[in-house]
There are 2 protein chains.
Amino acid sequence: MPSPLEKARQNPGSMKARILASARRLFGEYGYSSTTTRMIAGDVGIDISTLYYHWGEKLDLYEALIIDLNDEILAKFEEVEQRARGKSLSERLDISIDSLTDYLFNHPEVSNLILFGYFNKTDTESVPDIKIDDYTSGIAVAMDLAEDKAHVPVQAKAQILAVWNCVLNFISGENFFRPILDVDHADYQKVVKDTVKFMMVRAFTK
Amino acid sequence: MPSPLEKARQNPGSMKARILASARRLFGEYGYSSTTTRMIAGDVGIDISTLYYHWGEKLDLYEALIIDLNDEILAKFEEVEQRARGKSLSERLDISIDSLTDYLFNHPEVSNLILFGYFNKTDTESVPDIKIDDYTSGIAVAMDLAEDKAHVPVQAKAQILAVWNCVLNFISGENFFRPILDVDHADYQKVVKDTVKFMMVRAFTK
DNA sequence: TATTTTATCCATCAACTGATGGAAACATTT
DNA sequence: AAATGTTTCCATCAGTTGATGGATAAAATA
């Protein structure tokens with residue numbers, strides 16, 4: 001028996017899926033507690049009770065969203081790893097950074113949702129975490145910082161987290177940082193990529 | 001005529017100051033919209049209307065808090081810069097990173113408030129920004145990345161922002177990252193410092 | 001066609017939110 | 001002591017929030 005989330009994913013035009021899409025965008029923009037069920041329903045163009053009929057509690061909807069996002073990110077990481085496999089280290093770095101920053105720039109709600117999850121002690125106690133641990137271990141192996149995913153040194157994990165968070169911040173905080181750097185959106189994207197590459201190359205090549 | 005904020009700072013035991021302190025802690029923990037005026041009043045041990053009597057609107061209180069925080073951070077940066085002045089680059093890096101991470105670890109609400117400010121499009125439109133631009137330019141000069149504060153290259157600013165945000169994330173997200181790294185609080189602090197130093201040394205020494 | 005199931009909306013609830021007016025307590029000045 | 005100014009709390013407001021019950025429509029099934 002497929003779960004509600006699976007049903008929504010199988011049928012992108014369904015009401016469940018449309019609600020999920022709106023919820024993802026709005027939760028990503030305003031955070032959990034600043035996003036009301038009425039905002040989401042209004043965005044979809046339906047009554048609140050229709051939303052509750054499909055997804056139940058607000059927290060259940062958020063939970064489904066996070067699970068969905070988790071799977072998407074994990075798939076993205078695997079895709080990137082596959083494309084980078086076999087290449088030289090500097091090529092792997094280039095491909096990984098380009099793909100991931102492009103993905104995050106094209107889905108700005110993703111960075112926000114991840115970052116919200118870091119702090120929100122308030123509202124979302126029981127919500128499943130973003131599976132950052134999996135990603136970082138995967139990258140550590142891909143970057144030759146560890147032999148296998150089960151034995152990644154603390155320092156390597158910390159370094160990858162640092163870079164990963166750096167990217168998230170630059171993307172979520174674009175409105176904040178872009179005036180400081182005084183560049184347009186296209187240049188901003190370039191500066192972010194260059195900065196991350198600069199730091200990774202220095203950090204991960206002896 | 002001293003402003004309300006100045007009066008509160010001059011007299012730390014005053015009701016204004018007590019409210020400001022509670023507000024800072026709670027806004028820093030739960031964010032703007034998840035922190036209610038009743039929570040703050042309850043934390044101080046007073047009625048809501050007493051809070052409103054002293055500070056007026058919720059947004060005015062938050063605004064005062066941010067101005068206060070801004071001044072504090074700026075003073076901290078200046079103190080650090082002074083202590084590092086004249087030393088060698090590697091010493092300057094050590095002193096700067098140690099002082100700033102210690103300060104942020106000892107005032108965990110500071111990182112949160114800064115990071116909240118990056119994203120919160122929602123609530124706090126008219127609130128004064130954290131003056132990140134000033135800090136970064138100052139550091140750029142201190143690290144020999146620029147001749148003077150008015151002419152800091154984009155790349156240098158971006159690199160400093162990257163490191164700065166990295167520190168903020170590690171501190172605000174401790175509850176999230178520490179289980180991943182599987183260390184206790186003391187070791188976590190050490191790992192953060194080491195990671196930041198590692199990346200800065202690599203980045204800022206040719 | 002009749003019946004059951006699924007989906008949608010309207011009206012409404014209790015709890016909570018930011019905010020205020022006014023009475024009372026307290027402190028200061030005259 | 002009287003008068004004035006300052007601070008505190010109680011009661012309350014209107015608007016918003018998450019959430020639900022029930023009527024109604026649409027679709028699927030018999």
# chains A, B, ... in the order shown; residues from 1 in each chain; ligands from 1

$ interface_residues --of "chain B" --to "chain C" --cutoff "8 Å" --atoms "only C-alpha atoms (C1' of nucleotides)" --output "number ranges by chain"
B: 36-37, 58

$ interface_residues --of "chain B" --to "chain D" --cutoff "12 Å" --atoms "only C-alpha atoms (C1' of nucleotides)" --output "PyMOL selection string"
chain B and resi 14-16+45-54

$ atom_distance --atom1 "CA of Ser172 in chain B" --atom2 "CA of Val191 in chain A"
25.1 Å

$ interface_residues --of "chain B" --to "chain A" --cutoff "7 Å" --atoms "only C-alpha atoms" --output "list in words"
Tyr30, Ser33, Ser34, Tyr118, Phe119, Thr122, Asp133, Val154, Gln155, Lys157, Ala158, Gln159, Ala162, Asn165, Cys166, Asn169, Ser172, Gly173, Phe176, Ile180, Leu181, Val191, Thr195, Met199, Arg202 and Ala203 of chain B

$ write_last_selection --atoms "C-alpha atoms" --output "mmCIF file, in the first residue's frame"
data_model
loop_
_atom_site.group_PDB
_atom_site.id
_atom_site.type_symbol
_atom_site.label_atom_id
_atom_site.label_comp_id
_atom_site.auth_asym_id
_atom_site.auth_seq_id
_atom_site.Cartn_x
_atom_site.Cartn_y
_atom_site.Cartn_z
ATOM 1 C CA TYR B 30 13.192 30.930 18.735
ATOM 2 C CA SER B 33 7.819 35.294 14.934
ATOM 3 C CA SER B 34 8.041 32.294 17.247
ATOM 4 C CA TYR B 118 20.075 36.710 6.714
ATOM 5 C CA PHE B 119 16.819 35.052 5.754
ATOM 6 C CA THR B 122 8.958 37.837 6.558
ATOM 7 C CA ASP B 133 30.006 44.869 5.477
ATOM 8 C CA VAL B 154 35.088 41.132 -4.336
ATOM 9 C CA GLN B 155 36.887 37.825 -4.031
ATOM 10 C CA LYS B 157 35.115 39.883 0.692
ATOM 11 C CA ALA B 158 33.530 36.659 -0.466
ATOM 12 C CA GLN B 159 36.252 34.564 1.117
ATOM 13 C CA ALA B 162 32.564 32.288 3.645
ATOM 14 C CA ASN B 165 29.410 32.192 7.930
ATOM 15 C CA CYS B 166 31.118 28.897 8.450
ATOM 16 C CA ASN B 169 26.838 27.821 11.242
ATOM 17 C CA SER B 172 24.249 27.811 15.744
ATOM 18 C CA GLY B 173 24.015 24.287 14.436
ATOM 19 C CA PHE B 176 22.788 19.275 14.631
ATOM 20 C CA ILE B 180 27.467 13.794 13.205
ATOM 21 C CA LEU B 181 31.000 14.427 14.381
ATOM 22 C CA VAL B 191 37.223 20.872 16.001
ATOM 23 C CA THR B 195 38.703 23.500 10.880
ATOM 24 C CA MET B 199 40.775 26.671 5.925
ATOM 25 C CA ARG B 202 45.244 27.515 3.418
ATOM 26 C CA ALA B 203 43.231 30.344 1.951
#

$ select_by_dssp --residues "range 61-203 of chain A" --states "alpha helix (DSSP H)" --output "compact mmCIF listing (two decimals) with C-alpha atoms, in the first residue's frame"
# COMPACT_ATOMS: atom_id res chain seq x y z
CA LEU A 61 2.63 18.03 5.91
CA TYR A 62 5.98 19.50 6.87
CA GLU A 63 7.27 16.06 7.71
CA ALA A 64 6.28 14.67 4.32
CA LEU A 65 7.98 17.62 2.69
CA ILE A 66 11.24 17.00 4.53
CA ILE A 67 11.25 13.32 3.67
CA ASP A 68 10.64 14.23 0.05
CA LEU A 69 13.43 16.79 0.10
CA ASN A 70 15.80 14.34 1.74
CA ASP A 71 15.29 11.79 -1.01
CA GLU A 72 15.74 14.44 -3.66
CA ILE A 73 19.01 15.70 -2.20
CA LEU A 74 20.35 12.21 -1.73
CA ALA A 75 19.51 11.40 -5.36
CA LYS A 76 21.22 14.58 -6.46
CA PHE A 77 24.36 13.70 -4.53
CA GLU A 78 24.41 10.23 -6.05
CA GLU A 79 23.94 11.63 -9.52
CA VAL A 80 26.82 14.05 -9.01
CA GLU A 81 29.06 11.36 -7.56
CA GLN A 82 28.38 9.13 -10.55
CA ARG A 83 29.21 11.90 -13.01
CA ALA A 84 32.44 12.69 -11.18
CA LEU A 89 40.47 15.22 -8.21
CA SER A 90 40.36 18.72 -9.64
CA GLU A 91 37.77 17.62 -12.21
CA ARG A 92 35.72 15.96 -9.49
CA LEU A 93 35.80 19.15 -7.47
CA ASP A 94 34.73 21.20 -10.47
CA ILE A 95 31.87 18.91 -11.41
CA SER A 96 30.63 18.54 -7.84
CA ILE A 97 30.66 22.23 -7.05
CA ASP A 98 29.16 23.30 -10.35
CA SER A 99 26.33 20.76 -10.22
CA LEU A 100 25.44 21.30 -6.60
CA THR A 101 25.53 25.08 -6.64
CA ASP A 102 23.50 25.13 -9.85
CA TYR A 103 20.95 22.81 -8.30
CA LEU A 104 20.70 24.93 -5.16
CA PHE A 105 20.50 28.20 -7.07
CA ASN A 106 17.69 26.77 -9.15
CA PRO A 108 16.31 28.35 -3.57
CA GLU A 109 13.83 26.85 -1.12
CA VAL A 110 16.12 23.87 -0.60
CA SER A 111 18.91 25.81 1.10
CA ASN A 112 16.44 27.59 3.30
CA LEU A 113 14.72 24.40 4.40
CA ILE A 114 18.01 22.78 5.29
CA LEU A 115 19.21 25.80 7.23
CA PHE A 116 15.88 26.17 9.03
CA GLY A 117 16.27 22.58 10.10
CA TYR A 118 19.63 23.32 11.73
CA PHE A 119 18.18 25.73 14.25
CA ILE A 132 23.50 15.42 6.23
CA ASP A 133 25.63 12.65 7.66
CA ASP A 134 25.09 10.47 4.60
CA TYR A 135 26.01 13.20 2.17
CA THR A 136 29.17 14.27 3.93
CA SER A 137 30.48 10.74 4.23
CA GLY A 138 29.79 10.18 0.55
CA ILE A 139 31.69 13.29 -0.41
CA ALA A 140 34.55 12.43 1.89
CA VAL A 141 35.05 9.17 0.02
CA ALA A 142 34.61 10.84 -3.36
CA VAL A 154 36.28 13.87 12.25
CA GLN A 155 38.40 16.57 10.65
CA ALA A 156 37.39 15.49 7.16
CA LYS A 157 33.72 15.54 8.07
CA ALA A 158 34.08 18.95 9.64
CA GLN A 159 35.81 20.34 6.57
CA ILE A 160 33.11 19.08 4.26
CA LEU A 161 30.40 20.45 6.53
CA ALA A 162 32.15 23.79 6.49
CA VAL A 163 32.15 23.98 2.71
CA TRP A 164 28.63 22.63 2.39
CA ASN A 165 27.27 25.15 4.87
CA CYS A 166 29.19 27.89 3.14
CA VAL A 167 27.34 27.15 -0.10
CA LEU A 168 23.97 27.02 1.65
CA ASN A 169 24.59 30.36 3.31
CA PHE A 170 25.62 32.08 0.13
CA ILE A 171 22.49 30.90 -1.61
CA SER A 172 19.99 31.51 1.18
CA GLU A 174 21.89 36.16 -1.49
CA ASN A 175 19.69 39.18 -0.78
CA PHE A 176 21.91 39.96 2.14
CA PHE A 177 25.35 39.33 0.63
CA ARG A 178 24.88 40.52 -2.92
CA PRO A 179 24.67 44.23 -1.98
CA ILE A 180 27.85 43.77 0.06
CA LEU A 181 29.68 42.28 -2.92
CA HIS A 185 22.79 37.77 -9.85
CA ALA A 186 24.85 36.15 -12.60
CA ASP A 187 28.11 37.46 -11.20
CA TYR A 188 27.04 36.46 -7.73
CA GLN A 189 26.63 32.87 -8.84
CA LYS A 190 30.10 33.01 -10.35
CA VAL A 191 31.66 34.53 -7.26
CA VAL A 192 30.11 31.85 -5.08
CA LYS A 193 31.41 29.07 -7.29
CA ASP A 194 34.88 30.61 -7.48
CA THR A 195 35.04 31.15 -3.74
CA VAL A 196 33.99 27.61 -2.95
CA LYS A 197 36.35 26.14 -5.51
CA PHE A 198 39.18 28.29 -4.22
CA MET A 199 38.65 27.09 -0.69
CA MET A 200 38.14 23.45 -1.62
CA VAL A 201 41.11 23.29 -3.91
CA ARG A 202 43.29 24.77 -1.21
CA ALA A 203 41.84 22.52 1.42

$ atom_distance --atom1 "CA of Met39 in chain A" --atom2 "CA of Leu59 in chain B"
22.3 Å

$ residues_around --residues "Ser22 in chain B" --least-positions-apart "5" --cutoff "8 Å" --atoms "only C-alpha atoms (C1' of nucleotides)" --output "number ranges by chain"
B: 40, 43-44

$ write_last_selection --atoms "C-alpha atoms" --output "mmCIF file, in the first residue's frame"
data_model
loop_
_atom_site.group_PDB
_atom_site.id
_atom_site.type_symbol
_atom_site.label_atom_id
_atom_site.label_comp_id
_atom_site.auth_asym_id
_atom_site.auth_seq_id
_atom_site.Cartn_x
_atom_site.Cartn_y
_atom_site.Cartn_z
ATOM 1 C CA ILE B 40 9.480 37.599 27.061
ATOM 2 C CA ASP B 43 10.817 35.270 31.319
ATOM 3 C CA VAL B 44 11.361 38.619 33.010
#

$ atom_distance --atom1 "CA of Asn11 in chain A" --atom2 "CA of Leu26 in chain A"
20.8 Å

$ decode --residues "range 75-127 of chain B" --atoms "C-alpha atoms" --output "PDB file, in the first residue's frame"
ATOM      1  CA  ALA B  75      33.357  46.555  19.453  1.00  0.00           C
ATOM      2  CA  LYS B  76      34.422  42.922  19.623  1.00  0.00           C
ATOM      3  CA  PHE B  77      35.912  43.076  16.159  1.00  0.00           C
ATOM      4  CA  GLU B  78      37.814  46.236  17.031  1.00  0.00           C
ATOM      5  CA  GLU B  79      39.108  44.700  20.229  1.00  0.00           C
ATOM      6  CA  VAL B  80      40.308  41.649  18.350  1.00  0.00           C
ATOM      7  CA  GLU B  81      41.918  43.724  15.638  1.00  0.00           C
ATOM      8  CA  GLN B  82      43.780  45.744  18.231  1.00  0.00           C
ATOM      9  CA  ARG B  83      45.081  42.655  19.970  1.00  0.00           C
ATOM     10  CA  ALA B  84      46.238  41.172  16.677  1.00  0.00           C
ATOM     11  CA  ARG B  85      47.863  44.320  15.330  1.00  0.00           C
ATOM     12  CA  GLY B  86      51.553  44.146  14.569  1.00  0.00           C
ATOM     13  CA  LYS B  87      51.743  40.363  14.920  1.00  0.00           C
ATOM     14  CA  SER B  88      52.627  38.015  12.101  1.00  0.00           C
ATOM     15  CA  LEU B  89      49.889  36.801   9.794  1.00  0.00           C
ATOM     16  CA  SER B  90      49.678  33.345  11.345  1.00  0.00           C
ATOM     17  CA  GLU B  91      49.526  34.877  14.812  1.00  0.00           C
ATOM     18  CA  ARG B  92      46.834  37.290  13.686  1.00  0.00           C
ATOM     19  CA  LEU B  93      44.811  34.391  12.327  1.00  0.00           C
ATOM     20  CA  ASP B  94      45.195  32.450  15.549  1.00  0.00           C
ATOM     21  CA  ILE B  95      44.204  35.349  17.762  1.00  0.00           C
ATOM     22  CA  SER B  96      41.280  36.388  15.609  1.00  0.00           C
ATOM     23  CA  ILE B  97      39.795  32.936  15.277  1.00  0.00           C
ATOM     24  CA  ASP B  98      40.285  32.025  18.923  1.00  0.00           C
ATOM     25  CA  SER B  99      38.780  35.254  20.228  1.00  0.00           C
ATOM     26  CA  LEU B 100      35.819  35.311  17.892  1.00  0.00           C
ATOM     27  CA  THR B 101      34.849  31.664  18.212  1.00  0.00           C
ATOM     28  CA  ASP B 102      35.165  31.889  21.996  1.00  0.00           C
ATOM     29  CA  TYR B 103      32.969  34.966  22.028  1.00  0.00           C
ATOM     30  CA  LEU B 104      30.346  33.304  19.838  1.00  0.00           C
ATOM     31  CA  PHE B 105      30.405  30.048  21.786  1.00  0.00           C
ATOM     32  CA  ASN B 106      29.884  32.007  24.989  1.00  0.00           C
ATOM     33  CA  HIS B 107      26.987  33.987  23.497  1.00  0.00           C
ATOM     34  CA  PRO B 108      25.120  31.409  21.432  1.00  0.00           C
ATOM     35  CA  GLU B 109      22.219  33.757  20.765  1.00  0.00           C
ATOM     36  CA  VAL B 110      24.502  36.025  18.745  1.00  0.00           C
ATOM     37  CA  SER B 111      25.071  33.551  15.915  1.00  0.00           C
ATOM     38  CA  ASN B 112      21.404  32.751  15.753  1.00  0.00           C
ATOM     39  CA  LEU B 113      20.347  36.375  15.593  1.00  0.00           C
ATOM     40  CA  ILE B 114      22.786  37.088  12.789  1.00  0.00           C
ATOM     41  CA  LEU B 115      21.717  34.048  10.811  1.00  0.00           C
ATOM     42  CA  PHE B 116      18.018  34.785  11.339  1.00  0.00           C
ATOM     43  CA  GLY B 117      18.687  38.213   9.898  1.00  0.00           C
ATOM     44  CA  TYR B 118      20.075  36.710   6.714  1.00  0.00           C
ATOM     45  CA  PHE B 119      16.819  35.052   5.754  1.00  0.00           C
ATOM     46  CA  ASN B 120      13.872  36.525   7.589  1.00  0.00           C
ATOM     47  CA  LYS B 121      12.180  38.238   4.682  1.00  0.00           C
ATOM     48  CA  THR B 122       8.958  37.837   6.558  1.00  0.00           C
ATOM     49  CA  ASP B 123       8.807  39.797   9.669  1.00  0.00           C
ATOM     50  CA  THR B 124      11.599  42.227  10.036  1.00  0.00           C
ATOM     51  CA  GLU B 125      11.559  44.307   6.874  1.00  0.00           C
ATOM     52  CA  SER B 126      12.279  47.640   8.476  1.00  0.00           C
ATOM     53  CA  VAL B 127      14.789  46.430  11.038  1.00  0.00           C
TER      54      VAL B 127
END
